[in-house]
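Listing of target.txt; format and content: compact mmCIF, C-alpha atoms.
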# COMPACT_ATOMS: atom_id res chain seq x y z
CA MET A 8 -16.63 -38.35 -60.20
CA SER A 9 -17.50 -38.37 -56.52
CA THR A 10 -20.69 -37.66 -54.66
CA ALA A 11 -21.13 -36.40 -51.12
CA VAL A 12 -22.49 -38.95 -48.71
CA ASP A 13 -24.11 -38.95 -45.32
CA GLY A 14 -21.15 -40.46 -43.57
CA GLY A 15 -18.87 -37.62 -44.47
CA GLY A 16 -16.42 -37.43 -47.35
CA ALA A 17 -17.15 -38.70 -50.84
CA THR A 18 -17.89 -41.95 -52.54
CA THR A 19 -16.53 -43.23 -55.84
CA ARG A 20 -16.77 -46.54 -57.65
CA SER A 21 -13.25 -47.40 -56.54
CA GLN A 22 -14.18 -46.76 -52.89
CA VAL A 23 -17.25 -48.98 -53.17
CA PHE A 24 -15.12 -51.70 -54.76
CA ALA A 25 -12.46 -51.38 -52.05
CA TRP A 26 -15.16 -51.60 -49.37
CA GLY A 27 -16.59 -54.73 -51.02
CA LEU A 28 -13.16 -56.35 -51.11
CA TRP A 29 -13.22 -56.56 -47.30
CA ASP A 30 -16.35 -58.71 -47.63
CA TRP A 31 -14.57 -60.81 -50.27
CA GLY A 32 -11.59 -61.33 -47.97
CA SER A 33 -13.64 -61.95 -44.82
CA ALA A 34 -15.05 -65.09 -46.43
CA ALA A 35 -11.73 -66.64 -45.42
CA PHE A 36 -12.83 -66.53 -41.79
CA ASN A 37 -16.51 -67.35 -42.30
CA ALA A 38 -16.19 -70.12 -44.86
CA VAL A 39 -12.79 -71.66 -44.11
CA ILE A 40 -12.33 -71.18 -40.37
CA VAL A 41 -15.85 -71.29 -38.92
CA THR A 42 -17.94 -73.34 -41.34
CA PHE A 43 -16.21 -75.81 -43.63
CA VAL A 44 -12.57 -76.47 -42.72
CA PHE A 45 -10.98 -75.52 -39.39
CA SER A 46 -13.95 -76.17 -37.09
CA VAL A 47 -14.46 -79.55 -38.80
CA TYR A 48 -10.74 -80.29 -38.38
CA LEU A 49 -11.03 -79.55 -34.64
CA THR A 50 -13.93 -81.93 -34.06
CA ASP A 51 -13.19 -84.73 -36.54
CA ALA A 52 -9.38 -84.86 -36.33
CA VAL A 53 -7.79 -82.93 -33.46
CA GLY A 54 -10.41 -83.89 -30.86
CA ASP A 55 -11.33 -87.25 -32.35
CA ASP A 56 -9.62 -89.24 -29.57
CA LEU A 57 -10.32 -86.74 -26.79
CA PRO A 58 -10.52 -88.60 -23.45
CA GLY A 59 -13.51 -88.09 -21.17
CA SER A 60 -17.25 -88.06 -21.61
CA VAL A 61 -17.51 -84.62 -23.27
CA SER A 62 -17.06 -84.67 -27.04
CA ALA A 63 -14.99 -82.20 -29.05
CA SER A 64 -18.20 -81.02 -30.72
CA SER A 65 -19.67 -80.10 -27.32
CA TRP A 66 -16.53 -78.17 -26.39
CA LEU A 67 -16.73 -76.39 -29.74
CA GLY A 68 -20.33 -75.39 -29.09
CA TRP A 69 -19.52 -74.09 -25.62
CA SER A 70 -16.51 -72.12 -26.81
CA LEU A 71 -18.54 -70.44 -29.54
CA GLY A 72 -21.32 -69.80 -27.02
CA ALA A 73 -18.86 -68.03 -24.74
CA ALA A 74 -17.64 -66.04 -27.74
CA GLY A 75 -21.22 -65.03 -28.49
CA LEU A 76 -21.67 -63.74 -24.93
CA ALA A 77 -18.49 -61.68 -25.22
CA ILE A 78 -19.69 -60.21 -28.52
CA ALA A 79 -23.06 -59.29 -27.02
CA LEU A 80 -21.30 -57.41 -24.20
CA LEU A 81 -18.62 -55.68 -26.26
CA ALA A 82 -20.12 -54.92 -29.69
CA PRO A 83 -22.30 -51.89 -28.89
CA VAL A 84 -19.65 -50.20 -26.77
CA THR A 85 -16.78 -50.68 -29.22
CA GLY A 86 -18.93 -49.31 -32.04
CA GLN A 87 -19.99 -46.35 -29.92
CA ARG A 88 -16.39 -45.51 -29.02
CA ALA A 89 -15.25 -45.71 -32.65
CA ASP A 90 -18.00 -43.23 -33.63
CA ALA A 91 -17.29 -40.87 -30.75
CA ALA A 92 -13.53 -40.75 -31.30
CA GLY A 93 -13.78 -40.52 -35.09
CA HIS A 94 -11.57 -43.56 -35.69
CA ARG A 95 -13.93 -46.04 -37.33
CA LYS A 96 -11.34 -47.01 -39.96
CA ARG A 97 -8.61 -47.38 -37.34
CA SER A 98 -10.85 -49.74 -35.37
CA LEU A 99 -11.47 -51.80 -38.51
CA ALA A 100 -7.73 -52.02 -39.22
CA LEU A 101 -6.84 -53.01 -35.66
CA LEU A 102 -9.56 -55.64 -35.33
CA THR A 103 -8.91 -57.14 -38.76
CA THR A 104 -5.21 -57.41 -37.98
CA THR A 105 -5.88 -59.27 -34.75
CA VAL A 106 -8.28 -61.65 -36.51
CA VAL A 107 -5.58 -62.43 -39.08
CA GLY A 108 -3.14 -62.97 -36.22
CA CYS A 109 -5.48 -65.53 -34.65
CA MET A 110 -5.81 -67.29 -37.98
CA LEU A 111 -2.05 -67.49 -38.44
CA ALA A 112 -1.68 -68.89 -34.90
CA MET A 113 -4.07 -71.72 -35.84
CA PHE A 114 -1.20 -73.17 -37.88
CA PHE A 115 0.24 -74.46 -34.60
CA VAL A 116 -2.86 -76.60 -33.86
CA GLU A 117 -1.60 -80.07 -34.69
CA ASP A 118 -3.70 -83.21 -35.16
CA ASN A 119 -3.47 -84.23 -31.51
CA HIS A 120 -6.11 -83.85 -28.80
CA HIS A 121 -3.64 -81.93 -26.63
CA TYR A 122 -3.93 -79.07 -29.14
CA LEU A 123 -7.75 -78.95 -29.05
CA TRP A 124 -7.78 -76.30 -26.34
CA LEU A 125 -5.45 -74.02 -28.29
CA GLY A 126 -7.67 -74.42 -31.33
CA LEU A 127 -10.85 -73.68 -29.38
CA VAL A 128 -9.36 -70.59 -27.74
CA LEU A 129 -8.10 -69.22 -31.06
CA LEU A 130 -11.43 -69.93 -32.74
CA GLY A 131 -13.40 -68.32 -29.91
CA VAL A 132 -11.19 -65.23 -29.68
CA GLY A 133 -11.08 -64.93 -33.46
CA SER A 134 -14.88 -65.11 -33.63
CA VAL A 135 -15.23 -62.30 -31.10
CA LEU A 136 -12.73 -60.09 -32.91
CA PHE A 137 -14.28 -60.84 -36.31
CA GLU A 138 -17.78 -59.89 -35.15
CA LEU A 139 -16.41 -56.71 -33.59
CA ALA A 140 -14.60 -55.90 -36.85
CA GLN A 141 -17.89 -56.14 -38.73
CA VAL A 142 -19.34 -53.34 -36.57
CA PRO A 143 -17.19 -50.50 -38.02
CA TYR A 144 -17.24 -52.19 -41.43
CA PHE A 145 -21.05 -52.26 -41.57
CA ALA A 146 -21.12 -48.70 -40.22
CA MET A 147 -18.99 -47.56 -43.18
CA LEU A 148 -21.86 -48.49 -45.52
CA ARG A 149 -23.19 -44.94 -45.23
CA GLN A 150 -19.74 -43.58 -46.13
CA VAL A 151 -19.61 -45.45 -49.45
CA SER A 152 -23.21 -44.98 -50.58
CA ARG A 153 -26.02 -42.49 -51.10
CA PRO A 154 -29.64 -42.85 -49.99
CA ASP A 155 -30.61 -43.78 -53.57
CA ASN A 156 -28.03 -46.57 -54.01
CA ILE A 157 -27.39 -47.91 -50.51
CA GLY A 158 -29.27 -51.11 -51.33
CA ARG A 159 -27.14 -51.82 -54.39
CA VAL A 160 -23.93 -51.11 -52.49
CA SER A 161 -24.91 -53.40 -49.64
CA GLY A 162 -25.96 -56.12 -52.09
CA PHE A 163 -22.64 -55.77 -53.88
CA GLY A 164 -20.80 -56.30 -50.59
CA TRP A 165 -22.77 -59.42 -49.69
CA ALA A 166 -22.26 -60.81 -53.18
CA MET A 167 -18.51 -60.18 -52.93
CA GLY A 168 -18.49 -62.17 -49.70
CA TYR A 169 -20.30 -65.10 -51.28
CA PHE A 170 -18.09 -65.13 -54.37
CA GLY A 171 -14.94 -64.78 -52.28
CA GLY A 172 -15.97 -67.82 -50.28
CA ILE A 173 -16.62 -69.81 -53.45
CA VAL A 174 -13.22 -69.06 -54.96
CA LEU A 175 -11.28 -69.68 -51.77
CA LEU A 176 -13.10 -72.92 -50.94
CA LEU A 177 -12.40 -74.28 -54.40
CA VAL A 178 -8.72 -73.36 -54.11
CA CYS A 179 -8.53 -75.00 -50.68
CA TYR A 180 -10.36 -78.14 -51.75
CA PHE A 181 -8.52 -78.86 -54.98
CA GLY A 182 -5.17 -77.52 -53.80
CA PHE A 183 -4.93 -79.00 -50.29
CA ILE A 184 -7.81 -81.34 -49.38
CA SER A 185 -8.99 -83.51 -52.28
CA GLY A 186 -7.79 -87.06 -52.77
CA ASP A 187 -6.67 -89.90 -50.46
CA GLY A 188 -3.42 -91.05 -48.94
CA ASP A 189 -0.60 -89.31 -47.10
CA THR A 190 -0.55 -86.29 -49.40
CA ARG A 191 -3.55 -84.31 -50.57
CA GLY A 192 -4.55 -81.88 -53.27
CA LEU A 193 -2.82 -80.68 -56.38
CA PHE A 194 0.02 -79.33 -54.25
CA GLY A 195 0.63 -82.73 -52.66
CA VAL A 196 0.69 -81.41 -49.09
CA SER A 197 1.35 -83.98 -46.36
CA THR A 198 -1.45 -84.89 -43.96
CA ASP A 199 1.03 -85.63 -41.15
CA GLY A 200 -0.05 -83.70 -38.07
CA GLY A 201 -2.84 -82.10 -40.10
CA MET A 202 -0.30 -80.14 -42.15
CA ASN A 203 -2.57 -79.79 -45.20
CA ILE A 204 -5.35 -78.19 -43.10
CA ARG A 205 -2.84 -76.01 -41.26
CA ALA A 206 -1.56 -74.80 -44.63
CA VAL A 207 -5.14 -73.94 -45.62
CA VAL A 208 -5.45 -71.81 -42.48
CA VAL A 209 -2.33 -69.84 -43.40
CA LEU A 210 -3.66 -69.32 -46.93
CA ALA A 211 -6.95 -68.07 -45.47
CA ALA A 212 -5.13 -65.60 -43.21
CA VAL A 213 -3.07 -64.19 -46.08
CA TRP A 214 -6.22 -64.01 -48.24
CA PHE A 215 -8.11 -61.99 -45.60
CA ALA A 216 -5.18 -59.64 -44.97
CA ALA A 217 -4.59 -58.95 -48.65
CA PHE A 218 -8.20 -58.09 -49.48
CA ALA A 219 -8.78 -56.08 -46.29
CA ILE A 220 -6.06 -53.56 -47.11
CA PRO A 221 -7.74 -51.57 -49.96
CA VAL A 222 -10.62 -50.21 -47.86
CA LEU A 223 -8.14 -48.79 -45.35
CA PHE A 224 -6.60 -46.62 -48.05
CA ALA A 225 -9.58 -45.88 -50.28
CA VAL A 226 -12.24 -44.79 -47.77
CA PRO A 227 -11.48 -41.65 -45.72
CA GLU A 228 -11.73 -41.62 -41.95
CA LEU A 229 -14.69 -39.98 -40.26
CA PRO A 230 -14.23 -36.34 -39.27
CA ARG A 231 -13.12 -36.25 -35.63
CA PRO A 232 -15.95 -34.86 -33.48
CA PRO A 233 -15.14 -31.99 -31.10
CA ARG A 234 -16.17 -34.12 -28.12
CA ALA A 235 -13.73 -36.87 -29.03
CA ALA A 236 -11.05 -35.53 -26.70
CA GLU A 237 -13.39 -35.97 -23.74
CA GLY A 238 -13.59 -39.76 -23.96
CA PRO A 239 -15.82 -41.26 -21.27
CA GLY A 240 -13.60 -44.29 -20.66
CA PHE A 241 -14.58 -47.90 -21.22
CA LEU A 242 -16.95 -48.24 -18.25
CA GLY A 243 -18.37 -44.81 -18.96
CA SER A 244 -19.30 -46.05 -22.42
CA TYR A 245 -21.71 -48.53 -20.81
CA ARG A 246 -23.44 -45.68 -18.98
CA ILE A 247 -23.81 -43.89 -22.31
CA LEU A 248 -25.13 -47.10 -23.86
CA TRP A 249 -27.74 -47.51 -21.13
CA ASN A 250 -28.84 -43.90 -21.51
CA ASP A 251 -29.07 -44.29 -25.28
CA LEU A 252 -31.18 -47.45 -24.90
CA ARG A 253 -33.53 -45.63 -22.54
CA ALA A 254 -33.76 -42.78 -25.02
CA LEU A 255 -34.52 -45.23 -27.84
CA TRP A 256 -37.27 -46.81 -25.75
CA ALA A 257 -38.74 -43.38 -25.04
CA THR A 258 -38.40 -41.83 -28.50
CA ASP A 259 -37.79 -44.51 -31.13
CA ARG A 260 -39.33 -47.86 -30.25
CA ASN A 261 -39.55 -48.56 -33.96
CA THR A 262 -35.76 -48.99 -34.12
CA LEU A 263 -35.83 -51.26 -31.09
CA GLY A 264 -38.58 -53.25 -32.75
CA TYR A 265 -36.41 -53.68 -35.82
CA LEU A 266 -33.44 -54.80 -33.74
CA VAL A 267 -35.60 -57.54 -32.21
CA ALA A 268 -37.24 -58.58 -35.49
CA SER A 269 -33.96 -58.66 -37.40
CA ALA A 270 -32.28 -60.67 -34.66
CA LEU A 271 -34.97 -63.33 -35.07
CA PHE A 272 -35.03 -63.64 -38.83
CA ARG A 273 -31.23 -63.31 -39.15
CA ASP A 274 -30.88 -66.28 -36.82
CA GLY A 275 -33.24 -68.21 -39.06
CA LEU A 276 -31.19 -67.25 -42.12
CA ALA A 277 -28.03 -68.46 -40.40
CA GLY A 278 -29.76 -71.73 -39.55
CA VAL A 279 -30.50 -72.41 -43.22
CA PHE A 280 -26.78 -72.51 -44.00
CA THR A 281 -25.76 -74.13 -40.71
CA PHE A 282 -27.98 -77.19 -41.11
CA GLY A 283 -28.11 -77.38 -44.89
CA ALA A 284 -25.24 -79.89 -45.15
CA VAL A 285 -26.65 -82.06 -42.35
CA LEU A 286 -30.04 -82.26 -44.05
CA ALA A 287 -28.51 -82.85 -47.48
CA VAL A 288 -26.63 -85.97 -46.34
CA ASN A 289 -28.83 -87.38 -43.60
CA VAL A 290 -32.27 -86.73 -45.08
CA TYR A 291 -32.09 -86.19 -48.83
CA GLY A 292 -29.41 -88.71 -49.77
CA ILE A 293 -26.78 -86.39 -51.23
CA ALA A 294 -23.32 -87.98 -51.15
CA SER A 295 -20.97 -86.37 -48.64
CA GLY A 296 -18.50 -85.64 -51.44
CA ASP A 297 -21.16 -83.65 -53.31
CA VAL A 298 -22.03 -81.39 -50.37
CA LEU A 299 -19.19 -79.02 -51.24
CA LEU A 300 -20.58 -78.75 -54.77
CA PHE A 301 -23.99 -77.84 -53.36
CA GLY A 302 -22.29 -75.31 -51.07
CA VAL A 303 -20.61 -73.66 -54.03
CA ALA A 304 -23.89 -73.57 -55.97
CA ALA A 305 -25.71 -72.20 -52.91
CA ASN A 306 -23.21 -69.36 -52.55
CA VAL A 307 -23.48 -68.50 -56.26
CA VAL A 308 -27.28 -68.35 -56.09
CA ALA A 309 -27.26 -66.32 -52.85
CA ALA A 310 -24.77 -63.86 -54.36
CA LEU A 311 -26.87 -63.38 -57.50
CA GLY A 312 -29.94 -62.89 -55.34
CA ALA A 313 -28.19 -60.22 -53.27
CA LEU A 314 -27.04 -58.38 -56.40
CA GLY A 315 -30.46 -58.49 -58.03
CA ALA A 316 -32.34 -57.43 -54.92
CA GLY A 317 -30.08 -54.40 -54.34
CA ARG A 318 -31.88 -52.39 -57.02
CA LEU A 319 -35.28 -53.45 -55.62
CA ASP A 320 -34.09 -52.36 -52.19
CA ASP A 321 -33.38 -48.85 -53.53
CA ARG A 322 -36.69 -48.66 -55.38
CA LEU A 323 -39.09 -50.33 -52.95
CA GLY A 324 -37.27 -50.12 -49.64
CA PRO A 325 -35.50 -52.80 -47.58
CA LYS A 326 -38.61 -53.86 -45.67
CA THR A 327 -40.37 -54.96 -48.87
CA VAL A 328 -37.34 -56.98 -49.95
CA ILE A 329 -37.04 -58.69 -46.56
CA VAL A 330 -40.77 -59.48 -46.27
CA TRP A 331 -40.97 -61.05 -49.72
CA SER A 332 -37.71 -62.93 -49.20
CA LEU A 333 -38.82 -64.41 -45.87
CA ALA A 334 -42.27 -65.28 -47.23
CA SER A 335 -40.71 -67.04 -50.21
CA MET A 336 -38.34 -68.96 -47.95
CA LEU A 337 -41.22 -70.12 -45.77
CA ILE A 338 -43.06 -71.47 -48.83
CA ALA A 339 -39.93 -73.23 -50.11
CA GLY A 340 -39.29 -74.66 -46.64
CA VAL A 341 -42.78 -76.13 -46.40
CA LEU A 342 -42.38 -77.71 -49.84
CA LEU A 343 -38.99 -79.09 -48.79
CA LEU A 344 -40.72 -80.94 -45.95
CA ALA A 345 -42.83 -82.79 -48.48
CA VAL A 346 -40.18 -83.89 -51.00
CA SER A 347 -37.54 -86.60 -50.91
CA GLY A 348 -34.34 -87.34 -52.80
CA PRO A 349 -31.38 -85.30 -54.01
CA VAL A 350 -33.20 -83.59 -56.90
CA GLY A 351 -35.89 -82.12 -54.67
CA PHE A 352 -33.28 -80.87 -52.21
CA TRP A 353 -31.14 -79.31 -54.94
CA VAL A 354 -34.11 -77.43 -56.42
CA LEU A 355 -35.77 -76.21 -53.22
CA GLY A 356 -32.47 -75.78 -51.35
CA LEU A 357 -31.24 -73.41 -54.05
CA VAL A 358 -34.56 -71.56 -53.99
CA LEU A 359 -34.04 -71.00 -50.27
CA CYS A 360 -30.52 -69.73 -50.90
CA LEU A 361 -31.78 -67.41 -53.64
CA PHE A 362 -33.67 -65.42 -51.00
CA VAL A 363 -31.07 -65.62 -48.20
CA GLY A 364 -28.76 -63.11 -49.92
CA PRO A 365 -31.45 -60.44 -50.48
CA ALA A 366 -32.71 -60.76 -46.91
CA GLN A 367 -29.21 -60.42 -45.43
CA SER A 368 -28.30 -57.47 -47.64
CA ALA A 369 -31.58 -55.60 -47.08
CA ALA A 370 -31.34 -56.21 -43.33
CA ARG A 371 -28.05 -54.32 -43.32
CA THR A 372 -29.41 -51.37 -45.34
CA PHE A 373 -32.51 -51.21 -43.12
CA MET A 374 -30.25 -50.75 -40.09
CA ALA A 375 -28.08 -48.20 -41.88
CA ARG A 376 -31.13 -46.15 -42.86
CA LEU A 377 -32.48 -46.19 -39.30
CA SER A 378 -29.16 -45.17 -37.72
CA PRO A 379 -28.74 -41.50 -36.73
CA HIS A 380 -25.89 -39.83 -38.61
CA GLY A 381 -22.61 -40.27 -36.78
CA GLN A 382 -23.93 -43.13 -34.64
CA GLU A 383 -23.81 -45.93 -37.21
CA GLY A 384 -21.08 -47.79 -35.31
CA GLN A 385 -23.06 -47.82 -32.09
CA MET A 386 -26.26 -48.92 -33.85
CA PHE A 387 -24.51 -51.73 -35.71
CA GLY A 388 -23.01 -52.71 -32.37
CA LEU A 389 -26.54 -53.15 -31.05
CA TYR A 390 -27.39 -54.96 -34.28
CA ALA A 391 -24.60 -57.46 -33.57
CA THR A 392 -25.59 -57.76 -29.90
CA THR A 393 -29.27 -58.50 -30.51
CA GLY A 394 -28.33 -61.01 -33.19
CA ARG A 395 -26.09 -62.86 -30.77
CA ALA A 396 -28.66 -62.67 -27.97
CA VAL A 397 -31.03 -65.01 -29.82
CA SER A 398 -28.45 -67.07 -31.76
CA PHE A 399 -29.43 -70.15 -29.74
CA LEU A 400 -32.95 -70.26 -31.21
CA SER A 401 -32.37 -71.93 -34.58
CA PRO A 402 -30.07 -74.72 -33.34
CA THR A 403 -32.23 -75.32 -30.27
CA LEU A 404 -35.50 -75.53 -32.19
CA PHE A 405 -33.93 -77.58 -34.96
CA GLY A 406 -32.79 -80.13 -32.38
CA LEU A 407 -36.08 -80.00 -30.49
CA PHE A 408 -38.26 -80.73 -33.52
CA ALA A 409 -35.88 -83.41 -34.77
CA TRP A 410 -36.01 -85.06 -31.32
CA MET A 411 -39.80 -84.73 -30.94
CA PHE A 412 -40.46 -86.40 -34.30
CA SER A 413 -37.39 -88.69 -34.25
CA ASN A 414 -36.47 -87.41 -37.71
CA ASP A 415 -33.89 -84.84 -38.81
CA ARG A 416 -36.32 -83.68 -41.52
CA ALA A 417 -38.61 -82.29 -38.81
CA GLY A 418 -35.80 -79.96 -37.77
CA ILE A 419 -36.76 -77.84 -40.78
CA LEU A 420 -39.90 -76.89 -38.84
CA GLY A 421 -37.72 -75.33 -36.16
CA LEU A 422 -36.00 -73.12 -38.73
CA LEU A 423 -39.36 -72.15 -40.26
CA VAL A 424 -40.70 -71.16 -36.84
CA VAL A 425 -37.79 -68.75 -36.29
CA LEU A 426 -38.16 -67.26 -39.77
CA GLY A 427 -41.92 -66.96 -39.35
CA VAL A 428 -41.75 -65.24 -35.96
CA GLY A 429 -39.13 -62.86 -37.34
CA LEU A 430 -41.37 -62.05 -40.30
CA VAL A 431 -44.37 -61.34 -38.06
CA ALA A 432 -42.25 -59.09 -35.83
CA LEU A 433 -40.95 -57.22 -38.88
CA LEU A 434 -44.46 -56.49 -40.16
CA ALA A 435 -45.00 -54.24 -37.15
CA VAL A 436 -41.87 -52.17 -37.89
CA ARG A 437 -42.24 -48.99 -39.92
CA PRO A 438 -39.85 -48.77 -42.90
CA PRO A 439 -37.03 -46.19 -42.72
CA PRO A 440 -38.04 -42.70 -43.91
CA GLU A 441 -35.41 -42.66 -46.68
CA ALA A 442 -36.79 -45.90 -48.06
CA GLN A 443 -40.27 -44.40 -48.21
CA THR A 444 -39.25 -41.22 -50.03
CA THR A 445 -36.45 -42.41 -52.30
CA GLY A 446 -37.36 -43.04 -55.88
CA GLY A 447 -35.57 -45.09 -58.50
CA ALA A 448 -31.87 -45.63 -58.28
CA GLY A 449 -29.68 -43.39 -60.30

Show the structure stored in the file as structure tokens.
Amino acid sequence: MSTAVDGGGATTRSQVFAWGLWDWGSAAFNAVIVTFVFSVYLTDAVGDDLPGSVSASSWLGWSLGAAGLAIALLAPVTGQRADAAGHRKRSLALLTTTVVGCMLAMFFVEDNHHYLWLGLVLLGVGSVLFELAQVPYFAMLRQVSRPDNIGRVSGFGWAMGYFGGIVLLLVCYFGFISGDGDTRGLFGVSTDGGMNIRAVVVLAAVWFAAFAIPVLFAVPELPRPPRAAEGPGFLGSYRILWNDLRALWATDRNTLGYLVASALFRDGLAGVFTFGAVLAVNVYGIASGDVLLFGVAANVVAALGALGAGRLDDRLGPKTVIVWSLASMLIAGVLLLAVSGPVGFWVLGLVLCLFVGPAQSAARTFMARLSPHGQEGQMFGLYATTGRAVSFLSPTLFGLFAWMFSNDRAGILGLLVVLGVGLVALLAVRPPPEAQTTGGAG
């Protein structure tokens, strides 16, 4: 049985599942490439003996910073053009394919500092393309949901991403990375030239490609608008963007307020995961070999939180879910400042993660509910842009507080400041009309 949806077409359980599989597959880029494996390989192995006074870690930061600037410039326009031309799914297919291509090319990054630049370029370009791919993917949320279940569908997608990351990381660790000596993992892959990590990258690329395919067949394309044939051109799209921003300022400052508030608290949420491993080892005494176990547990808890909060999102609205999640994280963060030892970190760290998933999922549904019909791609482009515009806050404040107090523990204060400011900004934003009028989920 199918039900008409706002995005045009119909939604079925199989379409929702196919849409969620893209999230499951995309964990290959987020977890393996950006967070736990390839970026670490670039800084700790490939660039370990890099000559000169600038470290590989600094080059990594600058390359990702440049990628963030490119995303901020391109995301709103690419989303707008996909909406206008009625080829949201085609944009998703093209961008996902190019991301997979970048991942496959990372196989050629050998464990030699001469290959660092190739690795940084591929990582930077891949990051831009991945963020751009998320714009049409997020915009499709309205196509696979109804106003009364959009929260559950979004939560399902986030949970699929977390679980996909867990499964793939465990396969990578036990199959290719664990152990010592010249061969690693259950598959006994050689470490010569970083071959075991390069094999992981290929596995991640195949994983992403395989799980990205179903949504391209299961979810129908948007109806092509009559004005699609009169495309404004790439530069003309920026004029349209500027006019739309002026119109938002004049007629819908509430949406602009949400874009600002969500950019702030989403950066704080990202900071929790970014610096979690650093704090676990350097402050709370967790063995480096156990960090992966905590990461797996953190993803499980965040996924369960996202699933559970989806129904609350539909009943109470996304703003309520986000406010309570951020408030709970602030309390847990303050308590984390006062405890010591692995046990305290495990307990309070997992409490933090429990509320990260609901906040991320509800933030996406909030934006979907605020977006005018047919302009979801453009609005999620702005969503990506504003998020990138303040992405320096969490790492900067974490480092500032750690430096001021000469203690990495104090860096937690920096993350709490970003979350707190985001929460205060969100309180001034009116909830989406659908969230105010929708009753219980069917």

- Task: Using atom CA of Val151 of chain A and atom CA of Cys109 of chain A as the two end points, give the distance in Å to one decimal.
- Result: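 Here the two named atoms are 28.7 Å from each other.
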
- Looking at all atoms listed in the file, which of A:Gly27, A:Ala206, A:Ala35, A:Gly302 is the one that sits closest to Phe282 of chain A? A:Gly302

- Message: Between A:Ile40, A:Val107, A:Ser197, A:Gly192, which residue has the minimum interatomic distance to Leu130 of chain A, considering only C-alpha atoms?
- Response: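 Between A:Ile40, A:Val107, A:Ser197, A:Gly192, the residue approaching Leu130 of chain A most closely is A:Ile40.
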
- With all atoms listed in the file as the atoms that count, which of A:Thr104, A:Met336, A:Ser65, A:Gly364 lies nearest to Ala217 of chain A? A:Thr104

- Query: Which distance in Å separates atom CA of Gly164 of chain A and atom CA of Val132 of chain A, to one decimal?
  - Reply: 24.7 Å

- Message: As an exercise, work out the distance from atom CA of Gly429 of chain A to atom CA of Ser269 of chain A in Å and give it to one decimal place.
- Response: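 Atom CA of Gly429 of chain A sits 6.7 Å away from atom CA of Ser269 of chain A.
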
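For the residues A:Leu71, A:Val209, A:Val428, A:Ala63, ranking by smallest atom-to-atom distance to Phe115 of chain A using all atoms listed in the file places A:Val209 first.
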
- Item | Close residues, segment 416-421 of chain A itself excluded, 8 Å, all atoms listed in the file, min 2 positions apart in chain, as a PyMOL selection string | chain A and resi 286+290+340+344+401+404-409+412-414+423-425

Selection to disk with C-alpha atoms, as a PDB file, in the frame of the given file:
ATOM      1  CA  LEU A 286     -30.040 -82.260 -44.050  1.00  0.00           C
ATOM      2  CA  VAL A 290     -32.270 -86.730 -45.080  1.00  0.00           C
ATOM      3  CA  GLY A 340     -39.290 -74.660 -46.640  1.00  0.00           C
ATOM      4  CA  LEU A 344     -40.720 -80.940 -45.950  1.00  0.00           C
ATOM      5  CA  SER A 401     -32.370 -71.930 -34.580  1.00  0.00           C
ATOM      6  CA  LEU A 404     -35.500 -75.530 -32.190  1.00  0.00           C
ATOM      7  CA  PHE A 405     -33.930 -77.580 -34.960  1.00  0.00           C
ATOM      8  CA  GLY A 406     -32.790 -80.130 -32.380  1.00  0.00           C
ATOM      9  CA  LEU A 407     -36.080 -80.000 -30.490  1.00  0.00           C
ATOM     10  CA  PHE A 408     -38.260 -80.730 -33.520  1.00  0.00           C
ATOM     11  CA  ALA A 409     -35.880 -83.410 -34.770  1.00  0.00           C
ATOM     12  CA  PHE A 412     -40.460 -86.400 -34.300  1.00  0.00           C
ATOM     13  CA  SER A 413     -37.390 -88.690 -34.250  1.00  0.00           C
ATOM     14  CA  ASN A 414     -36.470 -87.410 -37.710  1.00  0.00           C
ATOM     15  CA  LEU A 423     -39.360 -72.150 -40.260  1.00  0.00           C
ATOM     16  CA  VAL A 424     -40.700 -71.160 -36.840  1.00  0.00           C
ATOM     17  CA  VAL A 425     -37.790 -68.750 -36.290  1.00  0.00           C
TER      18      VAL A 425
END

- Note on the structure: Judged by all atoms listed in the file, the minimum distance to Leu210 of chain A among A:Ala77, A:Val308, A:Val178, A:Ala225 is found for A:Val178

- Selected residue, from A:Asn261, A:Ala305, A:Ala277, A:Ser347, that lies nearest to Gly292 of chain A when counting all atoms listed in the file: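 Selected residue with least distance to Gly292 of chain A: A:Ser347.
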